[in-house]
$ cat run_31.tsv   # TSV, C-alpha atoms
chain	number	residue	atom	x	y	z
C	895	MET	CA	-4.76	-1.48	-23.91
C	896	ALA	CA	-6.28	-2.67	-20.62
C	897	ARG	CA	-9.67	-4.35	-21.02
C	898	SER	CA	-12.54	-3.19	-18.86
C	899	GLY	CA	-13.64	-5.41	-15.99
C	900	SER	CA	-17.02	-6.06	-17.64
C	901	ALA	CA	-15.41	-7.09	-20.94
C	902	VAL	CA	-13.05	-9.52	-19.22
C	903	LYS	CA	-15.92	-10.87	-17.13
C	904	GLY	CA	-17.86	-11.55	-20.33
C	905	MET	CA	-14.92	-13.36	-21.90
C	906	LEU	CA	-14.40	-15.52	-18.81
C	907	THR	CA	-18.11	-16.33	-18.60
C	908	LEU	CA	-18.26	-17.37	-22.25
C	909	PHE	CA	-15.14	-19.51	-21.87
C	910	ASN	CA	-16.47	-21.24	-18.74
C	911	LEU	CA	-19.90	-21.88	-20.26
C	912	ARG	CA	-18.37	-23.39	-23.39
C	913	SER	CA	-16.22	-25.67	-21.25
C	914	LEU	CA	-19.22	-26.86	-19.27
C	915	LEU	CA	-21.46	-27.35	-22.30
C	916	HIS	CA	-18.79	-29.62	-23.84
C	917	SER	CA	-18.43	-31.56	-20.61
C	918	PRO	CA	-18.95	-35.35	-21.00
C	919	LEU	CA	-21.53	-35.17	-18.20
C	920	PRO	CA	-23.54	-32.01	-18.93
C	921	GLY	CA	-26.61	-33.33	-17.16
C	922	LEU	CA	-24.68	-33.84	-13.93
C	923	LEU	CA	-23.35	-30.33	-13.48
C	924	SER	CA	-23.65	-29.18	-9.92
C	925	GLN	CA	-25.17	-25.88	-8.91
C	926	TRP	CA	-21.66	-24.81	-7.80
C	927	GLN	CA	-20.29	-25.48	-11.30
C	928	TRP	CA	-22.98	-23.43	-12.98
C	929	THR	CA	-22.49	-20.61	-10.47
C	930	ARG	CA	-18.76	-20.56	-11.16
C	931	ALA	CA	-19.45	-20.45	-14.90
C	932	ILE	CA	-21.92	-17.59	-14.78
C	933	PHE	CA	-20.16	-15.63	-12.03
C	934	PRO	CA	-16.40	-16.20	-12.31
C	935	PRO	CA	-14.24	-16.02	-9.16
C	936	ILE	CA	-12.88	-12.57	-10.01
C	937	ALA	CA	-16.40	-11.15	-9.94
C	938	GLN	CA	-17.47	-13.13	-6.87
C	939	LYS	CA	-14.62	-12.04	-4.61
C	940	ASN	CA	-15.49	-9.30	-2.13
C	941	TYR	CA	-13.27	-7.08	-0.05
C	942	CYS	CA	-12.44	-9.07	3.06
C	943	THR	CA	-12.25	-6.01	5.33
C	944	LYS	CA	-15.72	-4.99	6.46
C	945	PRO	CA	-15.36	-1.44	7.76
C	946	THR	CA	-17.74	-0.22	10.43
C	947	ARG	CA	-17.63	3.31	8.99
C	948	PRO	CA	-16.96	4.75	5.54
C	949	ILE	CA	-13.31	4.47	4.49
C	950	GLY	CA	-13.42	7.85	2.75
C	951	ARG	CA	-15.75	10.49	1.38
C	952	TYR	CA	-15.70	9.30	-2.25
C	953	PRO	CA	-17.60	6.23	-3.48
C	954	VAL	CA	-15.62	3.04	-3.98
C	955	PRO	CA	-16.38	1.37	-7.34
C	956	TYR	CA	-17.54	-2.22	-7.55
C	957	LYS	CA	-14.75	-4.48	-8.75
C	958	LYS	CA	-16.84	-5.60	-11.73
C	959	ASP	CA	-16.81	-2.00	-12.96
C	960	LEU	CA	-13.02	-1.53	-12.72
C	961	PRO	CA	-10.39	-2.15	-15.43
C	962	TYR	CA	-9.01	-5.65	-15.28
C	963	ASP	CA	-5.40	-4.62	-14.53
C	964	ILE	CA	-6.55	-2.75	-11.41
C	965	VAL	CA	-8.69	-5.67	-10.23
C	966	GLU	CA	-5.73	-8.00	-10.78
C	967	LEU	CA	-3.46	-5.82	-8.62
C	968	MET	CA	-6.12	-5.64	-5.90
C	969	GLU	CA	-6.54	-9.41	-5.93
C	970	GLU	CA	-2.79	-9.93	-5.66
C	971	MET	CA	-2.49	-7.51	-2.73
C	972	GLU	CA	-5.47	-9.00	-0.91
C	973	THR	CA	-4.12	-12.52	-1.35
C	974	LYS	CA	-0.65	-11.60	-0.05
C	975	SER	CA	-1.80	-9.42	2.85
C	976	GLY	CA	-5.01	-11.13	3.89
C	977	PHE	CA	-6.87	-7.84	3.45
C	978	LEU	CA	-7.04	-5.02	0.93
C	979	PRO	CA	-5.55	-1.73	2.18
C	980	ASN	CA	-8.06	1.08	1.88
C	981	VAL	CA	-5.73	3.19	-0.27
C	982	PHE	CA	-6.42	0.76	-3.15
C	983	LYS	CA	-10.16	1.16	-2.72
C	984	VAL	CA	-10.11	4.93	-2.42
C	985	LEU	CA	-7.80	5.54	-5.39
C	986	SER	CA	-9.75	3.12	-7.59
C	987	HIS	CA	-12.28	5.97	-7.86
C	988	ARG	CA	-9.88	7.35	-10.51
C	989	PRO	CA	-8.24	4.45	-12.38
C	990	ALA	CA	-5.72	6.55	-14.37
C	991	GLU	CA	-4.46	8.21	-11.19
C	992	PHE	CA	-4.47	4.83	-9.42
C	993	ARG	CA	-2.04	3.48	-12.03
C	994	ALA	CA	0.21	6.55	-11.89
C	995	PHE	CA	0.28	6.55	-8.09
C	996	PHE	CA	1.24	2.90	-7.70
C	997	ALA	CA	3.75	3.00	-10.54
C	998	TYR	CA	5.68	5.75	-8.77
C	999	TYR	CA	5.14	4.11	-5.38
C	1000	ASN	CA	6.73	0.90	-6.65
C	1001	ALA	CA	9.61	2.77	-8.27
C	1002	LEU	CA	10.44	4.46	-4.95
C	1003	MET	CA	9.59	1.86	-2.33
C	1004	ASN	CA	10.51	-1.41	-4.02
C	1005	LYS	CA	13.77	-0.53	-5.79
C	1006	GLU	CA	16.69	-2.83	-5.16
C	1007	THR	CA	19.56	-0.33	-5.53
C	1008	GLY	CA	20.96	2.27	-3.16
C	1009	ARG	CA	21.73	2.29	0.55
C	1010	LEU	CA	18.17	2.60	1.83
C	1011	SER	CA	16.64	-0.56	3.24
C	1012	LYS	CA	12.90	-1.19	3.10
C	1013	ALA	CA	12.74	-0.30	6.80
C	1014	ASP	CA	14.55	3.01	6.08
C	1015	ARG	CA	12.05	3.86	3.37
C	1016	GLU	CA	9.09	3.14	5.64
C	1017	LEU	CA	10.60	5.22	8.45
C	1018	ILE	CA	10.91	8.18	6.06
C	1019	VAL	CA	7.21	7.79	5.23
C	1020	VAL	CA	6.27	7.70	8.91
C	1021	ALA	CA	8.28	10.85	9.73
C	1022	THR	CA	6.98	12.72	6.68
C	1023	SER	CA	3.40	11.68	7.37
C	1024	ILE	CA	3.41	12.72	11.02
C	1025	ASN	CA	4.78	16.10	9.93
C	1026	ASN	CA	1.78	16.35	7.58
C	1027	ARG	CA	-0.61	14.94	10.19
C	1028	CYS	CA	-1.74	12.07	7.95
C	1029	LEU	CA	-3.52	9.41	9.99
C	1030	TYR	CA	-3.70	6.82	7.21
C	1031	CYS	CA	-0.02	6.91	6.25
C	1032	VAL	CA	1.29	7.08	9.82
C	1033	ILE	CA	-0.72	4.01	10.85
C	1034	SER	CA	-0.19	1.92	7.71
C	1035	HIS	CA	3.51	2.64	7.21
C	1036	SER	CA	4.30	2.27	10.90
C	1037	ALA	CA	2.94	-1.26	10.50
C	1038	LEU	CA	5.17	-1.90	7.50
C	1039	HIS	CA	8.20	-0.50	9.35
C	1040	ARG	CA	7.54	-2.84	12.29
C	1041	ILE	CA	7.49	-5.79	9.89
C	1042	TYR	CA	10.61	-4.86	7.91
C	1043	SER	CA	12.69	-3.71	10.89
C	1044	LYS	CA	11.47	-6.33	13.40
C	1045	ASN	CA	11.37	-3.38	15.83
C	1046	PRO	CA	7.90	-3.00	17.37
C	1047	THR	CA	8.50	0.38	19.02
C	1048	LEU	CA	10.67	2.67	16.88
C	1049	ALA	CA	7.91	3.83	14.51
C	1050	ASP	CA	5.76	4.73	17.52
C	1051	GLN	CA	8.60	6.82	18.94
C	1052	VAL	CA	9.13	8.60	15.63
C	1053	SER	CA	5.40	9.28	15.40
C	1054	VAL	CA	5.48	11.15	18.71
C	1055	ASN	CA	8.85	12.92	18.48
C	1056	TYR	CA	11.61	11.68	16.21
C	1057	GLU	CA	14.17	13.95	17.93
C	1058	VAL	CA	14.04	11.82	21.10
C	1059	ALA	CA	13.44	8.48	19.37
C	1060	GLU	CA	16.06	5.73	19.72
C	1061	LEU	CA	17.49	6.28	16.25
C	1062	GLN	CA	20.89	5.40	14.87
C	1063	ALA	CA	22.93	8.39	13.74
C	1064	ARG	CA	22.38	7.54	10.05
C	1065	GLU	CA	18.63	7.24	10.60
C	1066	ARG	CA	18.53	10.63	12.32
C	1067	VAL	CA	20.34	12.48	9.52
C	1068	MET	CA	18.14	10.66	7.01
C	1069	LEU	CA	14.98	11.87	8.74
C	1070	ASP	CA	16.41	15.38	9.18
C	1071	PHE	CA	16.77	15.58	5.41
C	1072	ALA	CA	13.35	14.01	4.71
C	1073	LEU	CA	11.63	16.52	6.97
C	1074	ALA	CA	13.54	19.42	5.41
C	1075	ILE	CA	12.03	18.30	2.08
C	1076	SER	CA	8.58	17.87	3.59
C	1077	ARG	CA	8.69	21.36	5.15
C	1078	CYS	CA	10.02	22.91	1.91
C	1079	ASP	CA	13.14	24.20	3.71
C	1080	ASN	CA	15.91	25.72	1.63
C	1081	ILE	CA	18.15	22.80	0.67
C	1082	THR	CA	21.87	23.59	0.78
C	1083	GLU	CA	25.13	21.75	0.28
C	1084	GLU	CA	25.28	21.34	4.05
C	1085	HIS	CA	22.40	18.87	3.85
C	1086	PHE	CA	24.30	16.76	1.35
C	1087	LYS	CA	27.51	16.92	3.39
C	1088	ASN	CA	25.66	15.68	6.47
C	1089	LEU	CA	24.25	12.77	4.49
C	1090	GLU	CA	27.63	11.91	2.99
C	1091	ALA	CA	29.22	11.92	6.44
C	1092	HIS	CA	26.82	9.12	7.38
C	1093	GLY	CA	27.32	6.97	4.29
C	1094	PHE	CA	24.68	8.32	1.91
C	1095	ASP	CA	25.63	9.47	-1.58
C	1096	ARG	CA	23.79	11.89	-3.89
C	1097	GLU	CA	21.60	9.16	-5.35
C	1098	ASP	CA	20.54	8.13	-1.86
C	1099	ALA	CA	19.71	11.78	-1.17
C	1100	TRP	CA	17.47	11.75	-4.24
C	1101	ASP	CA	15.72	8.62	-2.92
C	1102	ILE	CA	15.14	10.19	0.50
C	1103	ALA	CA	13.85	13.42	-1.04
C	1104	ALA	CA	11.63	11.68	-3.59
C	1105	ILE	CA	10.01	9.49	-0.93
C	1106	ALA	CA	9.37	12.52	1.30
C	1107	ALA	CA	7.99	14.52	-1.64
C	1108	PHE	CA	5.80	11.70	-2.94
C	1109	PHE	CA	4.30	10.98	0.45
C	1110	SER	CA	3.69	14.67	1.07
C	1111	LEU	CA	1.43	14.35	-1.99
C	1112	SER	CA	-0.04	11.08	-0.71
C	1113	ASN	CA	-0.71	12.64	2.70
C	1114	ARG	CA	-2.72	15.42	1.12
C	1115	ILE	CA	-4.77	13.00	-0.97
C	1116	ALA	CA	-5.51	11.04	2.19
C	1117	HIS	CA	-6.55	14.27	3.94
C	1118	PHE	CA	-9.13	15.50	1.46
C	1119	THR	CA	-10.54	12.02	0.75
C	1120	ASP	CA	-10.78	11.32	4.52
C	1121	MET	CA	-9.01	8.01	3.97
C	1122	ARG	CA	-9.24	5.77	7.05
C	1123	PRO	CA	-6.69	3.07	8.01
C	1124	ASN	CA	-7.72	-0.58	7.98
C	1125	GLU	CA	-8.08	-1.98	11.47
C	1126	GLU	CA	-5.57	-4.71	10.59
C	1127	PHE	CA	-2.72	-2.19	10.43
C	1128	TYR	CA	-2.88	-1.33	14.12
C	1129	SER	CA	-1.71	-4.74	15.32
C	1130	MET	CA	0.60	-5.73	12.46
C	1131	GLY	CA	4.19	-6.37	13.53
C	1132	ARG	CA	3.42	-6.06	17.23
C	1133	LEU	CA	2.70	-9.72	18.03
C	1134	PRO	CA	4.12	-12.98	16.67
C	1135	ARG	CA	2.19	-14.36	13.72
C	1136	GLU	CA	0.43	-17.72	13.88
C	1137	LYS	CA	2.24	-20.58	12.14
C	1138	ASP	CA	0.63	-23.73	10.73
C	1139	GLY	CA	-2.55	-23.17	12.65
C	1140	GLU	CA	-0.83	-23.02	16.01
C	1141	PRO	CA	-1.99	-20.36	18.49
C	1142	LYS	CA	0.19	-17.35	19.14
C	1143	LYS	CA	2.57	-17.80	22.06
$ encode --input "run_31.tsv" --output "structure tokens"
Amino acid sequence: MARSGSAVKGMLTLFNLRSLLHSPLPGLLSQWQWTRAIFPPIAQKNYCTKPTRPIGRYPVPYKKDLPYDIVELMEEMETKSGFLPNVFKVLSHRPAEFRAFFAYYNALMNKETGRLSKADRELIVVATSINNRCLYCVISHSALHRIYSKNPTLADQVSVNYEVAELQARERVMLDFALAISRCDNITEEHFKNLEAHGFDREDAWDIAAIAAFFSLSNRIAHFTDMRPNEEFYSMGRLPREKDGEPKK
């Protein structure tokens, strides 16, 4: 059973205080050491993105009030990305749904089997999300597609009109099928034959359909919560990243 954030905080505080009280130099403890003992790092850390407007219409819980497993996932994401995507903050309003959402997200988007690359998966999300007019998912997953594909323009083209975008034939049939799912078209054997003609099997078809279906749900959650994209997403994958402190060229 996941411990609450407050319970874990209490355990960490007690552990740190005991360590300091048994220190060989208790009288020389710095103010920083006492602060770390009473307020552990996990409770001190703030969201690094400082939005200029609300990120949604529901309140975002304080991290100290969240279950520890959710805080841990947030910390990991923020460390890896350099910022915490707003979807984590918004969905933390309902911890049980947060866990269910990201469990299915990971099952679909991070699986290692099948013929869909990470870039393919992100392109499906972009196409589905523009069909559902979801600002958050179009902006955030366009950024991820740019990173995975190393193509800074294709997601933008798909966002405007995928039918004239510079897509490979396999990408086009993939998006045709994803959008048929998103629109709730009647799915026939012809759809599967078109996919098979471009190298996709029935399991790949399931992956394409499941991603389109899941993000049609995600799009609607983003709509009613008024979820706003982080500013960081807009420039991700468009310019070279800095390396070892050197300025961008």
$ atom_distance --input "run_31.tsv" --atom1 "atom CA of C:Tyr999" --atom2 "atom CA of C:Ala1063"
26.5 Å
$ residues_around --input "run_31.tsv" --residues "C:Glu1083" --least-positions-apart "4" --cutoff "12 Å" --atoms "only C-alpha atoms" --output "compact mmCIF listing (two decimals) with C-alpha atoms, keeping the file's coordinate frame"
# COMPACT_ATOMS: atom_id res chain seq x y z
CA PHE C 1071 16.77 15.58 5.41
CA LYS C 1087 27.51 16.92 3.39
CA ASN C 1088 25.66 15.68 6.47
CA LEU C 1089 24.25 12.77 4.49
CA GLU C 1090 27.63 11.91 2.99
CA ARG C 1096 23.79 11.89 -3.89
CA ALA C 1099 19.71 11.78 -1.17
$ residues_around --input "run_31.tsv" --residues "C:Gly1093" --least-positions-apart "6" --cutoff "12 Å" --atoms "all atoms listed in the file" --output "MDAnalysis selection string"
chainID C and resid 1008:1010 1063:1065 1067:1068 1086:1087 1099
$ closest_residue --input "run_31.tsv" --among "C:Arg1040, C:Lys983, C:Lys974, C:Arg1015" --to "C:Asp1098" --atoms "all atoms listed in the file"
C:Arg1015
$ residues_near_point --input "run_31.tsv" --point "(16.1, 11.1, 14.0)" --cutoff "12 Å" --atoms "only C-alpha atoms" --output "mmCIF file with C-alpha atoms, in the coordinates of the input"
data_model
loop_
_atom_site.group_PDB
_atom_site.id
_atom_site.type_symbol
_atom_site.label_atom_id
_atom_site.label_comp_id
_atom_site.auth_asym_id
_atom_site.auth_seq_id
_atom_site.Cartn_x
_atom_site.Cartn_y
_atom_site.Cartn_z
ATOM 1 C CA ASP C 1014 14.550 3.010 6.080
ATOM 2 C CA LEU C 1017 10.600 5.220 8.450
ATOM 3 C CA ILE C 1018 10.910 8.180 6.060
ATOM 4 C CA VAL C 1020 6.270 7.700 8.910
ATOM 5 C CA ALA C 1021 8.280 10.850 9.730
ATOM 6 C CA THR C 1022 6.980 12.720 6.680
ATOM 7 C CA LEU C 1048 10.670 2.670 16.880
ATOM 8 C CA ALA C 1049 7.910 3.830 14.510
ATOM 9 C CA GLN C 1051 8.600 6.820 18.940
ATOM 10 C CA VAL C 1052 9.130 8.600 15.630
ATOM 11 C CA SER C 1053 5.400 9.280 15.400
ATOM 12 C CA VAL C 1054 5.480 11.150 18.710
ATOM 13 C CA ASN C 1055 8.850 12.920 18.480
ATOM 14 C CA TYR C 1056 11.610 11.680 16.210
ATOM 15 C CA GLU C 1057 14.170 13.950 17.930
ATOM 16 C CA VAL C 1058 14.040 11.820 21.100
ATOM 17 C CA ALA C 1059 13.440 8.480 19.370
ATOM 18 C CA GLU C 1060 16.060 5.730 19.720
ATOM 19 C CA LEU C 1061 17.490 6.280 16.250
ATOM 20 C CA GLN C 1062 20.890 5.400 14.870
ATOM 21 C CA ALA C 1063 22.930 8.390 13.740
ATOM 22 C CA ARG C 1064 22.380 7.540 10.050
ATOM 23 C CA GLU C 1065 18.630 7.240 10.600
ATOM 24 C CA ARG C 1066 18.530 10.630 12.320
ATOM 25 C CA VAL C 1067 20.340 12.480 9.520
ATOM 26 C CA MET C 1068 18.140 10.660 7.010
ATOM 27 C CA LEU C 1069 14.980 11.870 8.740
ATOM 28 C CA ASP C 1070 16.410 15.380 9.180
ATOM 29 C CA PHE C 1071 16.770 15.580 5.410
ATOM 30 C CA ALA C 1072 13.350 14.010 4.710
ATOM 31 C CA LEU C 1073 11.630 16.520 6.970
#
$ closest_residue --input "run_31.tsv" --among "C:Cys1078, C:Met1003, C:Val984, C:Met1130" --to "C:Ser1036" --atoms "only C-alpha atoms"
C:Met1130
$ atom_distance --input "run_31.tsv" --atom1 "atom CA of C:Ile1102" --atom2 "atom CA of C:Ser1011"
11.2 Å
$ axis_aligned_box --input "run_31.tsv" --around "stretch 1058-1072 of chain C" --padding-each-side "3 Å" --output "lines of an AutoDock Vina configuration file"
center_x = 18.1
center_y = 10.5
center_z = 12.9
size_x = 15.6
size_y = 16.2
size_z = 22.4
$ closest_residue --input "run_31.tsv" --among "C:Pro948, C:Pro961, C:Pro955, C:Pro979" --to "C:Tyr1030" --atoms "all atoms listed in the file"
C:Pro979
$ atom_distance --input "run_31.tsv" --atom1 "atom CA of C:Glu966" --atom2 "atom CA of C:Asn1004"
18.8 Å
$ closest_residue --input "run_31.tsv" --among "C:Ala1116, C:Ile1041, C:Ile1033, C:Ile1075" --to "C:Phe982" --atoms "only C-alpha atoms"
C:Ala1116
$ closest_residue --input "run_31.tsv" --among "C:Asp1050, C:Glu972, C:Asp1101, C:Asp1079" --to "C:His1035" --atoms "all atoms listed in the file"
C:Asp1050
$ residues_around --input "run_31.tsv" --residues "C:Ile1115" --least-positions-apart "2" --cutoff "12 Å" --atoms "all atoms listed in the file" --output "list in words"
Gly950, Arg951, Tyr952, Val981, Val984, Leu985, Glu991, Phe992, Phe995, Ser1023, Asn1026, Cys1028, Leu1029, Tyr1030, Cys1031, Phe1108, Phe1109, Ser1110, Leu1111, Ser1112, Asn1113, His1117, Phe1118, Thr1119, Asp1120, Met1121 and Arg1122 of chain C
$ closest_residue --input "run_31.tsv" --among "C:Arg1077, C:Arg993, C:His987, C:Arg947" --to "C:Ile964" --atoms "all atoms listed in the file"
C:Arg993
